[in-house]
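Printed here is run-v2.txt (compact mmCIF, C-alpha atoms):
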# COMPACT_ATOMS: atom_id res chain seq x y z
CA MET A 1 8.55 27.86 28.02
CA GLU A 2 5.64 25.42 28.38
CA LYS A 3 3.78 27.01 25.43
CA ARG A 4 6.91 26.68 23.30
CA ILE A 5 7.22 22.94 24.10
CA ILE A 6 3.53 22.36 23.30
CA CYS A 7 3.87 24.31 20.03
CA CYS A 8 6.98 22.30 19.01
CA PHE A 9 5.19 19.03 19.83
CA ALA A 10 2.14 20.04 17.75
CA VAL A 11 4.33 20.98 14.75
CA SER A 12 6.27 17.70 15.06
CA LEU A 13 3.01 15.73 15.16
CA MET A 14 1.70 17.52 12.04
CA ILE A 15 4.93 16.81 10.17
CA PHE A 16 4.72 13.12 11.15
CA VAL A 17 1.06 12.75 10.14
CA PHE A 18 1.25 14.58 6.81
CA SER A 19 4.76 13.68 5.66
CA PRO A 20 4.87 11.36 2.62
CA ALA A 21 7.82 9.59 4.27
CA HIS A 22 5.30 8.18 6.75
CA ALA A 23 2.84 7.01 4.08
CA LEU A 24 4.06 3.42 4.51
CA GLN A 25 1.45 1.89 6.80
CA MET A 26 2.57 -1.71 7.19
CA THR A 27 5.27 -3.44 9.13
CA ILE A 28 7.79 -5.10 6.82
CA GLN A 29 9.95 -8.05 7.85
CA THR A 30 12.37 -9.68 5.39
CA GLY A 31 13.06 -13.37 5.88
CA PHE A 32 9.87 -13.97 7.86
CA ASP A 33 6.51 -15.63 7.23
CA VAL A 34 3.05 -15.29 8.77
CA PRO A 35 2.22 -19.01 8.53
CA CYS A 36 -1.16 -20.64 8.93
CA THR A 37 -1.30 -23.14 11.78
CA PRO A 38 -3.24 -26.42 12.17
CA ASP A 39 -5.78 -24.71 14.45
CA ILE A 40 -6.27 -21.91 11.85
CA PRO A 41 -5.80 -23.80 8.55
CA ASN A 42 -7.50 -21.30 6.21
CA CYS A 43 -5.93 -18.03 7.33
CA ASP A 44 -4.69 -17.46 3.74
CA PHE A 45 -8.06 -16.22 2.52
CA ARG A 46 -6.74 -14.85 -0.77
CA ILE A 47 -3.73 -15.88 -2.88
CA ILE A 48 -2.83 -13.64 -5.82
CA ASP A 49 -0.19 -13.28 -8.47
CA GLN A 50 1.22 -9.88 -9.41
CA PRO A 51 2.96 -8.30 -12.41
CA ASN A 52 6.27 -7.53 -10.68
CA PRO A 53 7.79 -10.62 -9.04
CA SER A 54 10.63 -8.65 -7.44
CA ASP A 55 8.55 -6.06 -5.51
CA PHE A 56 6.43 -6.81 -2.42
CA THR A 57 4.64 -3.43 -2.54
CA LEU A 58 1.64 -4.65 -4.56
CA CYS A 59 1.12 -7.54 -2.13
CA MET A 60 1.32 -5.20 0.85
CA ASN A 61 -1.09 -2.74 -0.79
CA ALA A 62 -3.53 -5.54 -1.69
CA CYS A 63 -3.69 -6.34 2.02
CA GLY A 64 -4.13 -2.68 2.85
CA ARG A 65 -7.07 -2.38 0.46
CA ASP A 66 -8.92 -5.42 1.81
CA PRO A 67 -10.78 -4.81 5.09
CA SER A 68 -10.52 -8.55 5.91
CA CYS A 69 -6.73 -8.60 5.62
CA VAL A 70 -4.61 -8.07 8.73
CA ALA A 71 -1.32 -9.63 7.55
CA TRP A 72 0.45 -10.59 4.31
CA THR A 73 3.34 -12.67 2.98
CA PHE A 74 5.10 -12.12 -0.35
CA ASP A 75 6.94 -15.06 -1.94
CA PRO A 76 9.06 -13.92 -4.91
CA VAL A 77 10.20 -17.47 -5.70
CA HIS A 78 7.73 -18.97 -8.14
CA THR A 79 7.27 -22.69 -7.59
CA PRO A 80 4.60 -24.90 -9.20
CA GLY A 81 1.27 -24.49 -7.46
CA LYS A 82 2.50 -21.62 -5.28
CA LEU A 83 1.60 -18.05 -6.14
CA LYS A 84 3.32 -14.96 -4.86
CA CYS A 85 1.06 -13.02 -2.48
CA PHE A 86 -0.80 -14.47 0.51
CA LEU A 87 -3.40 -12.29 2.27
CA LYS A 88 -4.28 -13.39 5.79
CA ASN A 89 -7.36 -12.74 7.90
CA THR A 90 -5.77 -13.71 11.21
CA ARG A 91 -2.97 -11.80 12.92
CA LEU A 92 -0.42 -14.52 13.66
CA PRO A 93 3.10 -14.03 15.02
CA LEU A 94 5.83 -13.54 12.41
CA ARG A 95 8.04 -16.64 12.27
CA SER A 96 11.48 -17.00 10.79
CA SER A 97 11.42 -18.73 7.42
CA ALA A 98 13.19 -18.56 4.07
CA ALA A 99 15.30 -15.51 3.26
CA THR A 100 13.21 -14.89 0.13
CA LEU A 101 9.92 -14.22 1.99
CA VAL A 102 8.72 -10.76 3.04
CA SER A 103 5.79 -10.36 5.44
CA GLY A 104 4.02 -7.70 7.42
CA LEU A 105 1.10 -6.67 9.58
CA LYS A 106 -1.48 -3.95 8.83
CA LEU A 107 -1.35 -0.82 10.95
CA PRO A 108 -4.43 1.40 11.44
CA PHE A 109 -3.50 4.32 9.15
CA THR A 110 -4.62 5.53 5.75
CA MET A 111 -2.26 5.56 2.74
CA GLY A 112 -0.29 2.69 1.20
CA ALA A 113 3.32 2.52 0.05
CA PHE A 114 4.49 3.91 -3.29
CA GLU A 115 4.01 1.51 -6.22
CA ARG A 116 7.07 2.22 -8.40
CA ASP A 117 6.74 1.81 -12.19
CA ILE A 118 3.06 0.90 -11.77
CA ASP A 119 0.06 2.59 -13.39
CA ARG A 120 -3.57 1.99 -12.46
CA ASN A 121 -5.04 3.17 -15.74
CA GLY A 122 -8.59 4.56 -15.86
CA CYS A 123 -11.31 5.55 -13.38
CA ASP A 124 -9.92 9.08 -12.99
CA ILE A 125 -12.13 11.25 -10.79
CA GLU A 126 -9.71 14.18 -10.93
CA PHE A 127 -6.37 15.05 -12.50
CA PHE A 128 -4.19 18.15 -12.25
CA GLU A 129 -0.69 19.44 -12.78
CA GLU A 130 1.48 18.66 -9.76
CA HIS A 131 5.27 18.72 -9.43
CA ASP A 132 5.47 17.23 -5.91
CA ILE A 133 4.60 13.53 -5.51
CA GLY A 134 3.93 14.09 -1.80
CA GLN A 135 1.20 16.60 -2.65
CA CYS A 136 -0.36 14.03 -4.99
CA VAL A 137 -0.45 11.47 -2.14
CA ASN A 138 -1.95 14.06 0.23
CA ALA A 139 -4.57 15.08 -2.35
CA CYS A 140 -5.82 11.49 -2.46
CA GLY A 141 -5.61 11.18 1.32
CA PHE A 142 -7.76 14.28 1.88
CA ASN A 143 -10.27 13.48 -0.89
CA SER A 144 -12.96 11.19 0.56
CA SER A 145 -13.80 9.88 -2.94
CA CYS A 146 -10.20 8.98 -3.85
CA GLU A 147 -9.23 5.31 -3.55
CA ALA A 148 -5.94 5.36 -5.52
CA TRP A 149 -3.53 7.80 -7.17
CA ASN A 150 -0.90 7.95 -9.93
CA PHE A 151 1.89 10.48 -10.40
CA ASP A 152 3.15 10.71 -13.98
CA PRO A 153 6.09 13.10 -14.39
CA ALA A 154 7.11 12.10 -17.91
CA HIS A 155 4.27 11.23 -20.31
CA PHE A 156 2.65 14.69 -20.49
CA ASP A 157 3.91 18.25 -21.02
CA LYS A 158 4.02 18.71 -17.23
CA PRO A 159 3.83 16.28 -14.28
CA VAL A 160 0.26 15.14 -13.63
CA CYS A 161 -1.44 13.68 -10.55
CA PHE A 162 -4.44 11.40 -11.14
CA LEU A 163 -6.97 10.58 -8.39
CA LYS A 164 -8.99 7.40 -8.97
CA ASN A 165 -12.15 5.57 -7.96
CA CYS A 166 -13.99 3.05 -10.16
CA GLY A 167 -17.12 3.19 -7.98
CA GLY A 168 -17.98 1.03 -5.03
CA GLY A 169 -14.49 1.55 -3.63
CA ARG A 170 -12.93 -0.36 -6.55
CA ILE A 171 -9.69 0.71 -8.24
CA PRO A 172 -8.05 -0.16 -11.57
CA ASP A 173 -5.73 -3.18 -11.67
CA PRO A 174 -1.98 -2.48 -11.51
CA GLN A 175 -0.08 -2.48 -14.80
CA SER A 176 3.64 -2.11 -15.39
CA GLU A 177 4.50 1.42 -16.63
CA PRO A 178 8.10 2.70 -16.29
CA GLY A 179 8.36 6.17 -14.76
CA VAL A 180 4.87 6.22 -13.22
CA THR A 181 4.40 5.98 -9.45
CA GLY A 182 1.14 5.33 -7.66
CA GLY A 183 -0.47 4.16 -4.49
CA VAL A 184 -3.72 3.18 -2.84
CA LYS A 185 -5.84 4.17 0.13
CA PHE A 186 -6.03 1.49 2.81
CA HIS A 187 -9.21 0.12 4.34
CA THR A 188 -8.66 -0.82 7.96
CA GLY A 189 -12.04 -2.30 8.89
CA ALA A 190 -10.37 -5.49 10.18
CA GLU A 191 -8.33 -3.62 12.78

Whole structure, structure tokens version:
Amino acid sequence: MEKRIICCFAVSLMIFVFSPAHALQMTIQTGFDVPCTPDIPNCDFRIIDQPNPSDFTLCMNACGRDPSCVAWTFDPVHTPGKLKCFLKNTRLPLRSSAATLVSGLKLPFTMGAFERDIDRNGCDIEFFEEHDIGQCVNACGFNSSCEAWNFDPAHFDKPVCFLKNCGGGRIPDPQSEPGVTGGVKFHTGAE
């Protein structure tokens, strides 16, 4: 009986680790901010705009890619002088704020969330026919050279998975492309 319990636990752990459903490696809190405080005034070390103002995924993945980033806040409401994505180098407590904000903290895992309708064109180190998006994610995760991936089910004769690295750990910039899904590999050096 004990061997059976250990075997079931091991299988459950493998499913958890390798399941694409667990590829999301950030906490996500809607209606919260990770604000800078007077004693840490420059915790927003990078402020960026992004092509899709209604999706926090690119902001979250930008934090995941940057070893200095430990938290992020996405502001979809564009106001003068205020851009949409704030990357933070200090882990501060989440505080209630405007309903439009989305924030999160980096967790020490590997792969980022799916980037829907986003292509990172170029820097392909490998591409192959693949019908399962989860296998495309895993292929990047297990390839030490891969820094990002795209799954394109519609623009070729058969679905294609692209693994990417522009050299030096760099990846192509995100571009809007309906029907294409992608993602990035996180760097957790700040953890």

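When only C-alpha atoms are used to compute distances to Asn121 in chain A, the closest of the residues A:Asn61, A:Thr181, A:Ser54, A:Thr30 turns out to be A:Thr181.
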
Neighbour residues at most 10 Å from (5.7, 2.6, -17.2) (only C-alpha atoms) as an mmCIF file with C-alpha atoms, keeping the file's coordinate frame:
data_model
loop_
_atom_site.group_PDB
_atom_site.id
_atom_site.type_symbol
_atom_site.label_atom_id
_atom_site.label_comp_id
_atom_site.auth_asym_id
_atom_site.auth_seq_id
_atom_site.Cartn_x
_atom_site.Cartn_y
_atom_site.Cartn_z
ATOM 1 C CA ARG A 116 7.070 2.220 -8.400
ATOM 2 C CA ASP A 117 6.740 1.810 -12.190
ATOM 3 C CA ILE A 118 3.060 0.900 -11.770
ATOM 4 C CA ASP A 119 0.060 2.590 -13.390
ATOM 5 C CA ASP A 152 3.150 10.710 -13.980
ATOM 6 C CA ALA A 154 7.110 12.100 -17.910
ATOM 7 C CA HIS A 155 4.270 11.230 -20.310
ATOM 8 C CA GLN A 175 -0.080 -2.480 -14.800
ATOM 9 C CA SER A 176 3.640 -2.110 -15.390
ATOM 10 C CA GLU A 177 4.500 1.420 -16.630
ATOM 11 C CA PRO A 178 8.100 2.700 -16.290
ATOM 12 C CA GLY A 179 8.360 6.170 -14.760
ATOM 13 C CA VAL A 180 4.870 6.220 -13.220
ATOM 14 C CA THR A 181 4.400 5.980 -9.450
#

With distances taken over all atoms listed in the file, the candidate from A:Met60, A:Thr90, A:Ile171, A:Cys69 nearest Gly104 in chain A is A:Met60

Inset, instruction - Extract, using only C-alpha atoms, all DNA, RNA and protein residues at most 12 Å from Phe156 in chain A, discarding same-chain residues fewer than 5 positions from it, and format them as a PyMOL selection string. - result: chain A and resi 128-130+151+161+179-180

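Taking CA of Leu163 in chain A as the reference point, CA of Asn150 in chain A is found at 6.8 Å.
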
Could you jot down the CA of Gly183 in chain A to CA of Phe114 in chain A separation for me, Å, one decimal place?
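Atom-to-atom, CA of Gly183 in chain A to CA of Phe114 in chain A, that is 5.1 Å.
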
> With distances taken over all atoms listed in the file, which of A:Val102, A:Val184, A:Ala139, A:Met111 is nearest to Phe56 in chain A?
Replying inline: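 When distances to Phe56 in chain A are compared using all atoms listed in the file, the smallest one comes from A:Val102.
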
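Candidate residues A:Cys166, A:Leu87, A:Ile133, A:Leu58 were compared for distance to Pro153 in chain A, and the nearest is A:Ile133, using all atoms listed in the file.
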